[in-house]
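Visitor: Let me begin by handing over the structure; questions about it come next.
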Amino acid sequence: MVTLGIDPGTTRIGYGVVRQDKNCLVCIDYGILKVGSDKFTGFKEASEELKKLIEKHKPDQAGIEKLFFFKNQKTVMAVSEMRGVLLLTLAENNIPIQEFTPLQVKQSVSAYGRAEKAQMQRIVQLLLGLKDPIKPDDAADALAIAICCANNKI
């Protein structure tokens with residue numbers, strides 16, 4: 001089973017791909033999709049880049065971060081709009097989708113819902129047996145989402 005994790009953003013979208021191999025998870029790929037800052041061009045670019053990832057890795061399911069709180073109203077709207085584009089692209093490609101809040105991801109991956117970003121990154125690195133720290137942060141978050149999704153059977 002191949003799982004795609006997505007950490008939505010406006011111009012940087014984190015992604016992580018893991019494969020369930022018997023009783024352990026293996027990291028296949030991770031990184032960020034960089035899209036233009038022009039809203040509508042960015043939507044198109046994000047959809048096209050996500051389609052390329054889907055074609056390359058053929059995920060069986062996807063997990064995406066659910067927005068539940070933001071301090072900046074402008075940011076929450078822009079990220080919500082990009083989330084809509086990403087969700088539509090996944091749906092058009094018949095990828096089953098699960099949505100998780102950051103708290104759910106932290107509880108699933110670290111067993112502690114208030115784990116700090118550095119702790120989460122280290123746990124993800126250890127769980128996936130990666131030698132080097134995962135950079136950038138958006139990719140590490142996406143891998144955590146993929147782990148959460150893989151462990152949460154639909």
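Chain labels run A, B, ... following the order of the structure tokens; each chain numbers its residues from 1, and ligands are numbered from 1 in the order shown.
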Just asking: which residues within chain A are helix (DSSP H, G or I) according to DSSP, as a PyMOL selection string?

Guide: chain A and resi 39-57+73-92+102-110+117-127+137-151

Visitor: Since we have the selection now, will you write its residues out, keeping C-alpha atoms, as a PDB file, in the first residue's frame?

Guide:
```pdb
ATOM      1  CA  LYS A  39      -3.286  32.746  -7.273  1.00  0.00           C
ATOM      2  CA  PHE A  40      -4.806  31.208 -10.397  1.00  0.00           C
ATOM      3  CA  THR A  41      -1.506  30.236 -12.017  1.00  0.00           C
ATOM      4  CA  GLY A  42      -0.516  28.671  -8.696  1.00  0.00           C
ATOM      5  CA  PHE A  43      -3.715  26.595  -8.622  1.00  0.00           C
ATOM      6  CA  LYS A  44      -3.032  25.214 -12.081  1.00  0.00           C
ATOM      7  CA  GLU A  45       0.631  24.529 -11.310  1.00  0.00           C
ATOM      8  CA  ALA A  46      -0.255  22.773  -8.037  1.00  0.00           C
ATOM      9  CA  SER A  47      -2.770  20.523  -9.772  1.00  0.00           C
ATOM     10  CA  GLU A  48      -0.318  19.666 -12.567  1.00  0.00           C
ATOM     11  CA  GLU A  49       2.533  18.923 -10.138  1.00  0.00           C
ATOM     12  CA  LEU A  50       0.279  16.763  -7.951  1.00  0.00           C
ATOM     13  CA  LYS A  51      -0.851  14.818 -11.041  1.00  0.00           C
ATOM     14  CA  LYS A  52       2.814  14.135 -11.868  1.00  0.00           C
ATOM     15  CA  LEU A  53       3.367  12.793  -8.339  1.00  0.00           C
ATOM     16  CA  ILE A  54       0.281  10.590  -8.642  1.00  0.00           C
ATOM     17  CA  GLU A  55       1.463   9.228 -11.997  1.00  0.00           C
ATOM     18  CA  LYS A  56       4.954   8.577 -10.626  1.00  0.00           C
ATOM     19  CA  HIS A  57       4.022   6.879  -7.337  1.00  0.00           C
ATOM     20  CA  GLN A  73      -7.457  35.316   8.206  1.00  0.00           C
ATOM     21  CA  LYS A  74      -5.824  36.033   4.818  1.00  0.00           C
ATOM     22  CA  THR A  75      -3.554  33.009   5.173  1.00  0.00           C
ATOM     23  CA  VAL A  76      -6.341  30.625   6.146  1.00  0.00           C
ATOM     24  CA  MET A  77      -8.395  31.635   3.104  1.00  0.00           C
ATOM     25  CA  ALA A  78      -5.485  31.222   0.670  1.00  0.00           C
ATOM     26  CA  VAL A  79      -4.462  27.840   2.117  1.00  0.00           C
ATOM     27  CA  SER A  80      -8.111  26.692   2.123  1.00  0.00           C
ATOM     28  CA  GLU A  81      -8.433  27.558  -1.545  1.00  0.00           C
ATOM     29  CA  MET A  82      -5.248  25.618  -2.384  1.00  0.00           C
ATOM     30  CA  ARG A  83      -6.518  22.691  -0.296  1.00  0.00           C
ATOM     31  CA  GLY A  84      -9.628  22.678  -2.483  1.00  0.00           C
ATOM     32  CA  VAL A  85      -7.495  22.419  -5.621  1.00  0.00           C
ATOM     33  CA  LEU A  86      -5.462  19.571  -4.112  1.00  0.00           C
ATOM     34  CA  LEU A  87      -8.566  17.714  -2.918  1.00  0.00           C
ATOM     35  CA  LEU A  88     -10.194  18.032  -6.350  1.00  0.00           C
ATOM     36  CA  THR A  89      -7.054  16.739  -8.062  1.00  0.00           C
ATOM     37  CA  LEU A  90      -6.954  13.720  -5.737  1.00  0.00           C
ATOM     38  CA  ALA A  91     -10.672  13.069  -6.279  1.00  0.00           C
ATOM     39  CA  GLU A  92     -10.325  13.333 -10.063  1.00  0.00           C
ATOM     40  CA  PRO A 102      -2.200  18.640  13.222  1.00  0.00           C
ATOM     41  CA  LEU A 103      -3.228  17.339  16.664  1.00  0.00           C
ATOM     42  CA  GLN A 104      -4.404  14.026  15.167  1.00  0.00           C
ATOM     43  CA  VAL A 105      -1.142  13.650  13.234  1.00  0.00           C
ATOM     44  CA  LYS A 106       0.940  14.340  16.332  1.00  0.00           C
ATOM     45  CA  GLN A 107      -1.069  11.885  18.438  1.00  0.00           C
ATOM     46  CA  SER A 108      -0.823   9.190  15.774  1.00  0.00           C
ATOM     47  CA  VAL A 109       2.892   9.572  15.094  1.00  0.00           C
ATOM     48  CA  SER A 110       4.299  10.537  18.501  1.00  0.00           C
ATOM     49  CA  LYS A 117       7.995  20.415  15.421  1.00  0.00           C
ATOM     50  CA  ALA A 118      11.592  19.305  16.076  1.00  0.00           C
ATOM     51  CA  GLN A 119      10.377  16.299  18.080  1.00  0.00           C
ATOM     52  CA  MET A 120       8.002  15.294  15.304  1.00  0.00           C
ATOM     53  CA  GLN A 121      10.707  15.579  12.664  1.00  0.00           C
ATOM     54  CA  ARG A 122      13.047  13.362  14.680  1.00  0.00           C
ATOM     55  CA  ILE A 123      10.325  10.759  15.299  1.00  0.00           C
ATOM     56  CA  VAL A 124       9.436  10.667  11.583  1.00  0.00           C
ATOM     57  CA  GLN A 125      13.119  10.306  10.717  1.00  0.00           C
ATOM     58  CA  LEU A 126      13.450   7.380  13.151  1.00  0.00           C
ATOM     59  CA  LEU A 127      10.204   5.680  12.094  1.00  0.00           C
ATOM     60  CA  ASP A 137       9.800  21.378   7.325  1.00  0.00           C
ATOM     61  CA  ASP A 138       6.854  21.135   4.916  1.00  0.00           C
ATOM     62  CA  ALA A 139       8.153  17.787   3.632  1.00  0.00           C
ATOM     63  CA  ALA A 140       8.668  16.469   7.166  1.00  0.00           C
ATOM     64  CA  ASP A 141       5.087  17.460   8.023  1.00  0.00           C
ATOM     65  CA  ALA A 142       3.823  15.721   4.881  1.00  0.00           C
ATOM     66  CA  LEU A 143       5.676  12.510   5.786  1.00  0.00           C
ATOM     67  CA  ALA A 144       4.075  12.647   9.252  1.00  0.00           C
ATOM     68  CA  ILE A 145       0.665  12.994   7.578  1.00  0.00           C
ATOM     69  CA  ALA A 146       1.465  10.019   5.320  1.00  0.00           C
ATOM     70  CA  ILE A 147       2.436   7.917   8.359  1.00  0.00           C
ATOM     71  CA  CYS A 148      -0.762   8.929  10.152  1.00  0.00           C
ATOM     72  CA  CYS A 149      -2.846   8.048   7.083  1.00  0.00           C
ATOM     73  CA  ALA A 150      -1.075   4.709   6.562  1.00  0.00           C
ATOM     74  CA  ASN A 151      -1.729   3.761  10.181  1.00  0.00           C
TER      75      ASN A 151
END
```

Visitor: Rank nothing, just name the residue among A:Gly36, A:Asn23, A:Glu116, A:Ile28 nearest to A:Thr11, using only C-alpha atoms.

Guide: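 Result for the nearest residue to A:Thr11: A:Gly36.
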
Visitor: What's the 7 Å shell around A:Ile6, counting only C-alpha atoms, without same-chain residues fewer than 5 positions away, as number ranges by chain?

Guide: A: 14-16, 63-65, 142, 145

Visitor: Restricting the output to N, CA and C atoms, write the selected residues as a CSV table (one decimal), in the first residue's frame.

Guide:
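This went into part.csv:
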```csv
chain,number,residue,atom,x,y,z
A,14,GLY,N,4.1,20.7,0.9
A,14,GLY,CA,4.9,19.6,1.2
A,14,GLY,C,4.2,18.3,0.8
A,15,TYR,N,5.1,17.3,0.4
A,15,TYR,CA,4.5,16.0,0.1
A,15,TYR,C,5.5,14.9,0.6
A,16,GLY,N,4.9,13.8,0.9
A,16,GLY,CA,5.7,12.7,1.4
A,16,GLY,C,5.0,11.4,0.9
A,63,GLY,N,-3.4,11.3,2.5
A,63,GLY,CA,-3.8,12.1,3.7
A,63,GLY,C,-3.4,13.5,3.5
A,64,ILE,N,-4.3,14.4,4.0
A,64,ILE,CA,-4.0,15.8,3.8
A,64,ILE,C,-4.4,16.5,5.1
A,65,GLU,N,-3.6,17.6,5.4
A,65,GLU,CA,-3.8,18.3,6.7
A,65,GLU,C,-5.1,19.1,6.6
A,142,ALA,N,4.6,16.6,5.8
A,142,ALA,CA,3.8,15.7,4.9
A,142,ALA,C,4.1,14.2,5.1
A,145,ILE,N,2.1,13.2,8.0
A,145,ILE,CA,0.7,13.0,7.6
A,145,ILE,C,0.5,11.7,6.9
```

Visitor: To one decimal in Å, tell me the separation between atom CA of A:Pro59 and atom CA of A:Asp29.

Guide: 11.7 Å

Visitor: A:Arg19: which residues within 6 Å, counting only C-alpha atoms, same-chain residues fewer than 4 positions away excluded, as a list of chain:residue names?

Guide: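 Listing them by chain and then by number gives A:Met1, A:Val2, A:Leu25, A:Val26.
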
Visitor: Report as a PyMOL selection string: the residues of stretch 4-138 of chain A with a DSSP assignment of strand (DSSP E), based on the backbone of this structure.

Guide: chain A and resi 4-7+12-21+24-34+61-65+97-100

Visitor: For those residues, write N, CA and C atoms to a file as a tab-separated table (two decimals), in the first residue's frame.

Guide:
```tsv
chain	number	residue	atom	x	y	z
A	4	LEU	N	0.26	8.76	0.10
A	4	LEU	CA	0.75	10.10	-0.17
A	4	LEU	C	0.26	11.02	0.94
A	5	GLY	N	1.17	11.76	1.55
A	5	GLY	CA	0.82	12.76	2.56
A	5	GLY	C	1.03	14.14	1.98
A	6	ILE	N	0.10	15.05	2.26
A	6	ILE	CA	0.19	16.42	1.72
A	6	ILE	C	0.01	17.44	2.84
A	7	ASP	N	0.96	18.38	2.89
A	7	ASP	CA	0.89	19.52	3.80
A	7	ASP	C	0.63	20.75	2.95
A	12	ARG	N	4.17	26.79	-1.32
A	12	ARG	CA	4.99	25.61	-1.00
A	12	ARG	C	4.08	24.54	-0.43
A	13	ILE	N	4.01	23.42	-1.13
A	13	ILE	CA	3.15	22.32	-0.71
A	13	ILE	C	4.05	21.13	-0.40
A	14	GLY	N	4.06	20.72	0.85
A	14	GLY	CA	4.88	19.58	1.24
A	14	GLY	C	4.23	18.29	0.80
A	15	TYR	N	5.06	17.32	0.38
A	15	TYR	CA	4.54	15.99	0.07
A	15	TYR	C	5.50	14.94	0.61
A	16	GLY	N	4.92	13.81	0.94
A	16	GLY	CA	5.70	12.66	1.40
A	16	GLY	C	5.00	11.40	0.93
A	17	VAL	N	5.77	10.43	0.50
A	17	VAL	CA	5.21	9.17	0.01
A	17	VAL	C	5.85	8.03	0.79
A	18	VAL	N	5.01	7.18	1.38
A	18	VAL	CA	5.50	6.01	2.11
A	18	VAL	C	4.81	4.76	1.57
A	19	ARG	N	5.51	3.64	1.74
A	19	ARG	CA	4.94	2.36	1.32
A	19	ARG	C	4.95	1.43	2.53
A	20	GLN	N	3.83	0.75	2.72
A	20	GLN	CA	3.74	-0.24	3.79
A	20	GLN	C	4.41	-1.51	3.28
A	21	ASP	N	5.43	-1.93	3.98
A	21	ASP	CA	6.19	-3.12	3.61
A	21	ASP	C	6.12	-4.07	4.79
A	24	CYS	N	6.26	-2.54	8.46
A	24	CYS	CA	6.97	-1.28	8.62
A	24	CYS	C	6.69	-0.36	7.43
A	25	LEU	N	6.96	0.90	7.63
A	25	LEU	CA	6.78	1.89	6.58
A	25	LEU	C	8.14	2.28	6.00
A	26	VAL	N	8.16	2.42	4.68
A	26	VAL	CA	9.38	2.77	3.97
A	26	VAL	C	9.14	4.10	3.24
A	27	CYS	N	10.08	5.02	3.38
A	27	CYS	CA	9.98	6.30	2.68
A	27	CYS	C	10.36	6.11	1.23
A	28	ILE	N	9.47	6.52	0.33
A	28	ILE	CA	9.73	6.42	-1.10
A	28	ILE	C	10.22	7.76	-1.65
A	29	ASP	N	9.60	8.86	-1.20
A	29	ASP	CA	9.91	10.16	-1.76
A	29	ASP	C	9.36	11.25	-0.84
A	30	TYR	N	9.97	12.41	-0.88
A	30	TYR	CA	9.43	13.57	-0.17
A	30	TYR	C	10.04	14.84	-0.74
A	31	GLY	N	9.38	15.95	-0.48
A	31	GLY	CA	9.87	17.23	-0.96
A	31	GLY	C	8.77	18.27	-0.92
A	32	ILE	N	8.94	19.30	-1.72
A	32	ILE	CA	7.90	20.32	-1.81
A	32	ILE	C	7.58	20.59	-3.27
A	33	LEU	N	6.34	20.95	-3.50
A	33	LEU	CA	5.91	21.44	-4.81
A	33	LEU	C	5.92	22.96	-4.69
A	34	LYS	N	6.73	23.62	-5.49
A	34	LYS	CA	6.78	25.08	-5.48
A	34	LYS	C	5.89	25.58	-6.61
A	61	GLN	N	-3.84	5.70	-1.47
A	61	GLN	CA	-4.62	6.61	-0.62
A	61	GLN	C	-3.79	7.85	-0.36
A	62	ALA	N	-4.46	8.88	0.14
A	62	ALA	CA	-3.77	10.13	0.46
A	62	ALA	C	-4.31	10.70	1.76
A	63	GLY	N	-3.41	11.32	2.51
A	63	GLY	CA	-3.79	12.05	3.71
A	63	GLY	C	-3.42	13.51	3.49
A	64	ILE	N	-4.27	14.41	3.96
A	64	ILE	CA	-4.01	15.84	3.81
A	64	ILE	C	-4.35	16.53	5.11
A	65	GLU	N	-3.58	17.57	5.43
A	65	GLU	CA	-3.83	18.30	6.67
A	65	GLU	C	-5.13	19.08	6.58
A	97	ILE	N	-9.22	9.73	0.13
A	97	ILE	CA	-8.62	10.82	0.91
A	97	ILE	C	-9.04	10.73	2.37
A	98	GLN	N	-8.06	10.94	3.25
A	98	GLN	CA	-8.34	11.10	4.68
A	98	GLN	C	-7.79	12.47	5.10
A	99	GLU	N	-8.52	13.16	5.96
A	99	GLU	CA	-8.10	14.47	6.43
A	99	GLU	C	-7.78	14.38	7.92
A	100	PHE	N	-6.69	15.05	8.32
A	100	PHE	CA	-6.24	15.00	9.70
A	100	PHE	C	-5.85	16.39	10.19
```

Visitor: Which value, in Å to one decimal, gives the distance between atom CA of A:Gly113 and atom CA of A:Thr101?

Guide: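 Pair atom CA of A:Gly113 / atom CA of A:Thr101 returns 10.3 Å.
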